[in-house]
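Written below as structure tokens is the structure these notes are about.
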Amino acid sequence: MSQSSITPIFDEQQSATKGILHQDGHENPVEGFTKETSQEVVFWVICVFSFGLIYLVFLFLKVYAPYYAAQMRYHSVPLVNATMIVVQDVRNNKFEFCEVHTVTIEHNSGDTAPSMVSIHTSSDGGENDETTQINSTVASNRVCEVSEITYVTFGYCRYIYSRPFNSFYPLTGLDGDNPMKRPTASLNGLKSGDVRTLQKIYGTNETKITSDGYMKIFTENVMDAFYGFQIFTLILWTYAGFYWYSGGVILVSGIIIGIALHKMKRNEKRLKKELEFTDSVTVIRDAYQYYISYKELVPGDIVVLNKSARYLTFDGIILEGAIFADNALLTGVTRPSYRYSSTDSCVDINAKFNKLSLTEQNNSVFAGTYMDVGQTEGDVLALVVNTGFLTNKGKVIREAQSADMYAYSLDKDNVTYFKFLLTIGVVAFGVALIIFWTLPEDFDQEASIVASLRLITLAIPPSLPLALTVAFLWSMRRLTREHIATRNFRRINVSGKVQCIVFDKTGTLTKNKMEYVGHLAVYTEDDKVQLSEVNSSSDIEKGDVLYLMACCHSLSPIKNSEMNLDRAMFNVTEWDLVGIGGTENVRVYSGRSDNLGEFKIDILKKFPFHSERQRQSVIAHIVHENRITYYAKGLPSAIMSCCDPESIPPFTSEKLISLTKSGFRVLAMAKKEIVSEDEKRLDYKDIEVDMKFLGFLVFGDKLDEDAAKVITTLHSCKFSTVMCTGDDINTAVYIARQVGILPEAAGIGVSKRVVVLKARTDKSGNLEIEAYDYDDGTEYHVASAWGESWEPPNYVIDGETWHILDEAGGSELDRILLAGIVYAEMKPKYKKALVELLHKIGYETCMVGDGSNDNEALRAADVGISLRNTESGLAAHFHSKTNDIKSVPVILNEGRTALAQYLTILMFTACYSVLAMVAETMMYSCLYELSEAEWIYIDLFLVMSIDLMLGYSESRKTIATSRRSRSFFNTTRLFSMFCFLIVCIAVQVGLIYYLKEQIWYEHVPTSFEELTEGSMESTYIFFLIIFQLTFPAIVYTMETEPVYKNTFMLILLAVLYVINAYLDLFSASWINDIFEFDVFTVDLVPSTDSTLCFGELDS
């Protein structure tokens, strides 16, 4: 596998200080470091003398350039002595700091821990893959025990240091070729010494995402080009002597940034607390049963799965008994699976442990699934194979956290906007330099350069990043009111640019709850067997169909899912159970009759569902009819193959296809009468011959009541919708049509057909694509399937086809993405790939999911929305606490509102920046400048208060049906702003000329050595600007809502007009002194201390 194109910083020549960390086929270079007292003292002395600036630089480098941070503070040492390492992650093209930990192994008498854990010393996973015991060192074919294990945690997994290879290898569980035998040679469980050692090595059994520090939250969520430029502004203005201005900016910035960090950190803590899982398990240790927290489990534990257990927190193997597992959160498939021990006897324990493999579907259980022990007599025993992030669920979460985070298109807009205004600032800088260079040589050249540079800082005023941060906080507050949490508030604006929404099916568009729809029964008419239509009545006639539904089941109500087919089927009968607890002699009786003796059925023997048989069966004694019958239900093809062909009505297959295309889950029913006692002792293989076909049972996943309304709303607002699910094509198409993602069957008024694409590669490796109409099966030619007509069809693709097309790449895949609507049987990695490709062809994409199988796609999308209280809430950018699909339009509506507010702030700030640069440039031409108090009033009071109110307006009640321009660089916006600026600049220039022509105008002498504050020009330009800035505030407020509806903006504008008028007309003398106004008094009332600032009349 090729490594990343990143240029290695580490030398290719390996030394003791450098090594390799093997991760999923990648070889990541590492270098060891440790703290040195003298270097540490020098570092802290420099930090003190730099007033903490060097420490801030170190923290920044630690997040974004760990290698340079390590070189800055720590000393390079051999890996064996390192206390921390820097890993060069070649897959994600970055570096990461990792602390080195050492675990001491307890060598107690009889403990078996030293042979319990292994690492793999080959990264290719091929024939040369070797397993090395981590507590031993391998050298010269000798194995000697060590008492310490050195490891690091990288990417949420632990890697063990191997001194002979000078490398770190991944810690593994018990799957694969792990030599763990002795601890589990019996069902007595681990010994206490083993447990303590394993807990040190493996850590806690959690898939908990570490919390981000304040520095990382600031750099990833708050820090941007605007804040970076603000640092330059503060340094320059402080150097120019504007200390109060710089202090005010620092104070306001500190308050706003502190509030933002506090709110984001609090949101993150609340979200993790809501998603935190707390449960206890029963475990066998030292031959005794203990009730412990699931966090204390370690590989090798024997766990007792009883009726109180509902949720699996480990990957393991069933040793005794059987369970039903619901993997919907991991796979997206809405079908419970039956897991059971691979052998009937548990005497030969070693034989089982020699074949520890989680690939055996029938005896493997996985973390993140709901389970039920059903009616198994006694407890179910399971061996813990993997814990924490070594589990399948942990792997999904790890992949999601390491998924590529695309650069926001919003960040690109910010950079473009930054360059746009900076260019104007550079032009103003050049004009100022020309002005200063034409002055006599006596003028302070340093002051001229500083003054010219200050024009550049006016391009991005300090109020801009602060106003954007506050606007984000307002948006976060509005989402919180709707019970929606977000870990990254900058994604709110990104959601306003979303064009395509990808929906998961299970638990998102549906409720992940299987319900009984009806049954089709076989009946005889005119000596011919017929199949009835779907009977959805719950009042089922007495007979074999009712009896089968009452007794041929496992009764496994899975907690929080309630999708088990047997429970849905049995509930319809309204019968009850007695004698639950064993696999035989279970009696069911009718709950609809007061006379319990009227209907009685005794279950004599059960044959549980098996993946190879694909059916379930029982031998039942129908007491009230005094007969013994063998009932079976399961996959239609499996049941019908065991039936007498004459008992199967004509057109049965056609009806079955019609039902499956309607998205229903169909089970077939059959029976056979037991006429002798000997037959009761027969195996199912001997009974299931020439059975009588009884009909079909029909089930359906309940649709979310609001799904269709939400999809209709999104379509009306010009959003594209796509379904991406792990379920089969028929179910996916049916649900897509029910909610409106796909049109109904093609016909009059339906312009687009539904076309299924199938791809394969021939022996030569050439791509072959087949296509057919989903509704009538009509074969399409490839050219027709690609949509060469004006109206291309809606494409439906399964996971296998997607994988082949993705591998092939090219234009074919891009054309599918432009018209693909339903993607079925998609694995988590395929979902992620789909989202990534949609992003690459230009779609801002939103992924909506609810399970761990959606984590990778949720994180890779521009916007990820989780609708369930699972780990997907941590992978997604937004998490709905109500688990309601109606949260999707709420988030998108808020996104559009926030984006509009963001654009209004940018436009208003652009207007101010240009006006301020032009005004100050004109002042420079007269050797004047605005005073520090005037800049404080404009920047920190007037402009900032308007910016803050522009981001406060409430979001619309419904999403706007038309999508406005999503960029600042829109022709209409720029033209209107250009016209406004031309008028304002003309007024400014006209004012200067008008002022100089007045008889009362007095020119303030200049020294030709530095700029002068307090001139008539600067005073009247100040009065003009503060009024000019109120006009764009009124205009741009209309971008989000009419100004008369924004109460706070109206109040603010009224206050600003009053204050501006007071400063212009009636300011007191002490205010004139503070602002350095150059005004001439007219004593209208001699006793007052007020001034009239329209000039002095010539005496």
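Naming works like this for the structure tokens: A, B, ... for the chains as they're shown, residue 1 at the start of each chain, ligands 1 onward in shown order.
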Check: If we count only C-alpha atoms, what is near Val756 (chain A) at a cut-off of 8 Å, once residues fewer than 5 positions away on the same chain are taken out, given as a list in words?
Finding: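 The residues satisfying every condition are Ala771, Tyr772, Asp773, Tyr774, Tyr795, Val796 and Ile797 of chain A.
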Next item on the list: Write out as a list in words each polymer residue whose atoms come within 8 Å of Lys633 (chain A), counting only C-alpha atoms; drop sequence neighbours fewer than 4 positions from it.
Entry: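 The residues that qualify are Cys552, Arg615, Gln616, Ser617, Ile639, Leu667, Ala668, Met669 and Ala670 of chain A.
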Using only C-alpha atoms, please write the residues we just selected to a file, as a PDB file, in the first residue's frame.
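Saved as part.pdb:
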```pdb
ATOM      1  CA  CYS A 552     -43.601 -21.353  16.243  1.00  0.00           C
ATOM      2  CA  ARG A 615     -36.137 -21.517   8.998  1.00  0.00           C
ATOM      3  CA  GLN A 616     -37.486 -22.266  12.468  1.00  0.00           C
ATOM      4  CA  SER A 617     -39.773 -25.123  13.511  1.00  0.00           C
ATOM      5  CA  ILE A 639     -39.825 -23.505   3.126  1.00  0.00           C
ATOM      6  CA  LEU A 667     -42.010 -15.530   5.785  1.00  0.00           C
ATOM      7  CA  ALA A 668     -43.477 -18.733   4.440  1.00  0.00           C
ATOM      8  CA  MET A 669     -45.453 -21.237   6.580  1.00  0.00           C
ATOM      9  CA  ALA A 670     -45.761 -25.028   6.330  1.00  0.00           C
TER      10      ALA A 670
END
```
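A straight line drawn from CA of Ala736 (chain A) to CA of Asp776 (chain A) is 17.8 Å long.
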Next item on the list: Find the residues around region 36-46 of chain A up to 12 Å (only C-alpha atoms counted), leave out those fewer than 6 positions away in its own chain, and share them as a list in words.
Entry: Gly52, Leu53, Ile54, Tyr55, Leu56, Val57, Phe58, Ala69, Ala70, Gln71, Met72, Arg73, Tyr74, His75, Ser76, Val77, Ala82 and Thr83 of chain A
Note to self: List as a ChimeraX atom specification the protein and nucleic acid residues near region 983-991 of chain A, meaning an atom at most 8 Å away when only C-alpha atoms are counted, but skip any in the same chain fewer than 5 places from it.
What the structure shows: /A:915,918-919,1021,1024,1028
Export of the given selection (all heavy atoms) as a PDB file, in the first residue's frame:
```pdb
ATOM      1  N   LEU A 915     -15.053  52.828   3.569  1.00  0.00           N
ATOM      2  CA  LEU A 915     -15.288  54.218   3.975  1.00  0.00           C
ATOM      3  C   LEU A 915     -14.205  54.708   4.936  1.00  0.00           C
ATOM      4  O   LEU A 915     -13.726  55.846   4.819  1.00  0.00           O
ATOM      5  CB  LEU A 915     -16.662  54.340   4.635  1.00  0.00           C
ATOM      6  CG  LEU A 915     -17.885  54.165   3.721  1.00  0.00           C
ATOM      7  CD1 LEU A 915     -19.174  54.238   4.534  1.00  0.00           C
ATOM      8  CD2 LEU A 915     -17.884  55.205   2.619  1.00  0.00           C
ATOM      9  N   VAL A 918     -10.834  55.221   2.984  1.00  0.00           N
ATOM     10  CA  VAL A 918     -10.878  56.425   2.139  1.00  0.00           C
ATOM     11  C   VAL A 918     -10.816  57.676   3.005  1.00  0.00           C
ATOM     12  O   VAL A 918     -10.065  58.632   2.701  1.00  0.00           O
ATOM     13  CB  VAL A 918     -12.158  56.427   1.272  1.00  0.00           C
ATOM     14  CG1 VAL A 918     -12.318  57.768   0.568  1.00  0.00           C
ATOM     15  CG2 VAL A 918     -12.106  55.299   0.259  1.00  0.00           C
ATOM     16  N   ALA A 919     -11.565  57.703   4.100  1.00  0.00           N
ATOM     17  CA  ALA A 919     -11.571  58.881   4.974  1.00  0.00           C
ATOM     18  C   ALA A 919     -10.198  59.116   5.590  1.00  0.00           C
ATOM     19  O   ALA A 919      -9.704  60.262   5.617  1.00  0.00           O
ATOM     20  CB  ALA A 919     -12.623  58.688   6.064  1.00  0.00           C
ATOM     21  N   ILE A1021     -15.436  64.727   9.274  1.00  0.00           N
ATOM     22  CA  ILE A1021     -15.446  63.401   8.637  1.00  0.00           C
ATOM     23  C   ILE A1021     -15.951  62.358   9.631  1.00  0.00           C
ATOM     24  O   ILE A1021     -16.717  61.452   9.279  1.00  0.00           O
ATOM     25  CB  ILE A1021     -14.046  63.039   8.122  1.00  0.00           C
ATOM     26  CG1 ILE A1021     -13.730  63.816   6.851  1.00  0.00           C
ATOM     27  CG2 ILE A1021     -13.929  61.535   7.853  1.00  0.00           C
ATOM     28  CD1 ILE A1021     -14.599  63.447   5.663  1.00  0.00           C
ATOM     29  N   LEU A1024     -19.654  62.625   9.838  1.00  0.00           N
ATOM     30  CA  LEU A1024     -20.294  62.095   8.628  1.00  0.00           C
ATOM     31  C   LEU A1024     -20.301  60.570   8.625  1.00  0.00           C
ATOM     32  O   LEU A1024     -21.332  59.939   8.324  1.00  0.00           O
ATOM     33  CB  LEU A1024     -19.564  62.623   7.388  1.00  0.00           C
ATOM     34  CG  LEU A1024     -20.096  62.127   6.037  1.00  0.00           C
ATOM     35  CD1 LEU A1024     -21.542  62.547   5.831  1.00  0.00           C
ATOM     36  CD2 LEU A1024     -19.218  62.633   4.906  1.00  0.00           C
ATOM     37  N   GLN A1028     -23.286  57.829   8.194  1.00  0.00           N
ATOM     38  CA  GLN A1028     -23.296  57.018   6.974  1.00  0.00           C
ATOM     39  C   GLN A1028     -23.431  55.523   7.290  1.00  0.00           C
ATOM     40  O   GLN A1028     -24.080  54.779   6.557  1.00  0.00           O
ATOM     41  CB  GLN A1028     -22.019  57.270   6.169  1.00  0.00           C
ATOM     42  CG  GLN A1028     -22.011  58.579   5.399  1.00  0.00           C
ATOM     43  CD  GLN A1028     -20.737  58.747   4.592  1.00  0.00           C
ATOM     44  OE1 GLN A1028     -19.684  58.203   4.929  1.00  0.00           O
ATOM     45  NE2 GLN A1028     -20.821  59.514   3.511  1.00  0.00           N
TER      46      GLN A1028
END
```
Next item on the list: For Gln230 (chain A), work out the shell of residues within 8 Å, counting only C-alpha atoms and skipping chain neighbours fewer than 2 positions away, then give it as a VMD selection string.
Entry: chain A and resid 226 to 228 232 to 234 460 to 462
Go ahead and write the selection's residues with N, CA, C and O atoms as a PDB file, in the first residue's frame.
```
ATOM      1  N   PHE A 226      -9.342  35.917  10.295  1.00  0.00           N
ATOM      2  CA  PHE A 226      -9.718  37.218  10.847  1.00  0.00           C
ATOM      3  C   PHE A 226      -9.070  37.439  12.214  1.00  0.00           C
ATOM      4  O   PHE A 226      -8.564  38.529  12.502  1.00  0.00           O
ATOM      5  N   TYR A 227      -9.129  36.406  13.070  1.00  0.00           N
ATOM      6  CA  TYR A 227      -8.500  36.538  14.391  1.00  0.00           C
ATOM      7  C   TYR A 227      -6.980  36.631  14.263  1.00  0.00           C
ATOM      8  O   TYR A 227      -6.323  37.349  15.031  1.00  0.00           O
ATOM      9  N   GLY A 228      -6.406  35.878  13.329  1.00  0.00           N
ATOM     10  CA  GLY A 228      -4.966  35.978  13.127  1.00  0.00           C
ATOM     11  C   GLY A 228      -4.547  37.379  12.710  1.00  0.00           C
ATOM     12  O   GLY A 228      -3.526  37.917  13.176  1.00  0.00           O
ATOM     13  N   PHE A 232      -2.047  41.011  14.471  1.00  0.00           N
ATOM     14  CA  PHE A 232      -1.213  42.016  13.790  1.00  0.00           C
ATOM     15  C   PHE A 232      -1.747  43.429  14.037  1.00  0.00           C
ATOM     16  O   PHE A 232      -0.969  44.369  14.275  1.00  0.00           O
ATOM     17  N   THR A 233      -3.055  43.591  14.003  1.00  0.00           N
ATOM     18  CA  THR A 233      -3.665  44.908  14.246  1.00  0.00           C
ATOM     19  C   THR A 233      -3.324  45.421  15.637  1.00  0.00           C
ATOM     20  O   THR A 233      -2.953  46.601  15.805  1.00  0.00           O
ATOM     21  N   LEU A 234      -3.464  44.560  16.631  1.00  0.00           N
ATOM     22  CA  LEU A 234      -3.186  44.979  18.009  1.00  0.00           C
ATOM     23  C   LEU A 234      -1.729  45.403  18.177  1.00  0.00           C
ATOM     24  O   LEU A 234      -1.432  46.412  18.835  1.00  0.00           O
ATOM     25  N   ILE A 460      -9.764  44.805   7.862  1.00  0.00           N
ATOM     26  CA  ILE A 460     -10.423  43.805   8.716  1.00  0.00           C
ATOM     27  C   ILE A 460     -10.505  44.375  10.117  1.00  0.00           C
ATOM     28  O   ILE A 460      -9.609  44.182  10.945  1.00  0.00           O
ATOM     29  N   PRO A 461     -11.549  45.110  10.444  1.00  0.00           N
ATOM     30  CA  PRO A 461     -11.655  45.720  11.773  1.00  0.00           C
ATOM     31  C   PRO A 461     -11.812  44.655  12.862  1.00  0.00           C
ATOM     32  O   PRO A 461     -12.298  43.556  12.593  1.00  0.00           O
ATOM     33  N   PRO A 462     -11.408  44.946  14.076  1.00  0.00           N
ATOM     34  CA  PRO A 462     -11.503  43.963  15.169  1.00  0.00           C
ATOM     35  C   PRO A 462     -12.924  43.496  15.450  1.00  0.00           C
ATOM     36  O   PRO A 462     -13.127  42.400  15.979  1.00  0.00           O
TER      37      PRO A 462
END
```
Notebook entry, point to check: For Lys395 (chain A), which residue among A:Glu541, A:Asp24, A:Asp806, A:Glu894 is the nearest when counting only C-alpha atoms?
Noted result: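 Ranking A:Glu541, A:Asp24, A:Asp806, A:Glu894 by distance to Lys395 (chain A), first place goes to A:Asp24.
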Margin query: Just the number, please: distance in Å from CA of His262 (chain A) to CA of Ser887 (chain A), one decimal.
Written below: 24.7 Å
Margin query: Between A:Val722, A:Ile492, A:Leu940, A:Ile256, which residue has the minimum interatomic distance to Thr897 (chain A), considering only C-alpha atoms?
Written below: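 Under the stated criterion, the closest residue is A:Ile492.
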Checklist line | For CA of Thr660 (chain A) and CA of Tyr631 (chain A), the interatomic separation in Å (one decimal) | finding: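 Rounded to one decimal, the two atoms are 23.2 Å apart.
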Notebook entry, point to check: Within 6 Å of region 700-715 of chain A, counting only C-alpha atoms, which residues qualify if same-chain residues fewer than 2 places away don't, as a ChimeraX atom specification?
Noted result: /A:509-511,513-515,664-665,717-719,739
Next item on the list: Using only C-alpha atoms, determine which residues lie at most 9 Å from Ser475 (chain A), disregarding the query and same-chain residues fewer than 3 positions distant; provide the list as a PyMOL selection string.
Entry: chain A and resi 470-472+478-480+489+492+894-895+897-898+951-952+954-955
Item checked: Among listed residues A:Lys419, A:Lys191, A:His519, A:Arg737, nearest Ala459 (chain A) (using only C-alpha atoms) ->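 Comparing A:Lys419, A:Lys191, A:His519, A:Arg737 against Ala459 (chain A), the winner is A:Lys419.
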Checklist line | In region 628-676 of chain A, DSSP strand (DSSP E or B) residues written as a list in words | finding: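 Strand (DSSP E or B) members of region 628-676 of chain A, listed: Ile628, Thr629, Tyr630, Tyr631, Ala632, Lys633, Gly634, Cys643, Arg665, Val666, Leu667, Ala668, Met669, Ala670, Lys671, Lys672, Glu673 and Ile674 of chain A.
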Next item on the list: Have a look at A:Asn1072, A:Asn205, A:Asn414, A:Asn766 and name the one nearest to Ala225 (chain A); count only C-alpha atoms.
Entry: A:Asn414
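Restricting the calculation to only C-alpha atoms, the smallest distance between Val733 (chain A) and any of A:Asp686, A:Asp576, A:Asp798, A:Asp939 is found for A:Asp798.
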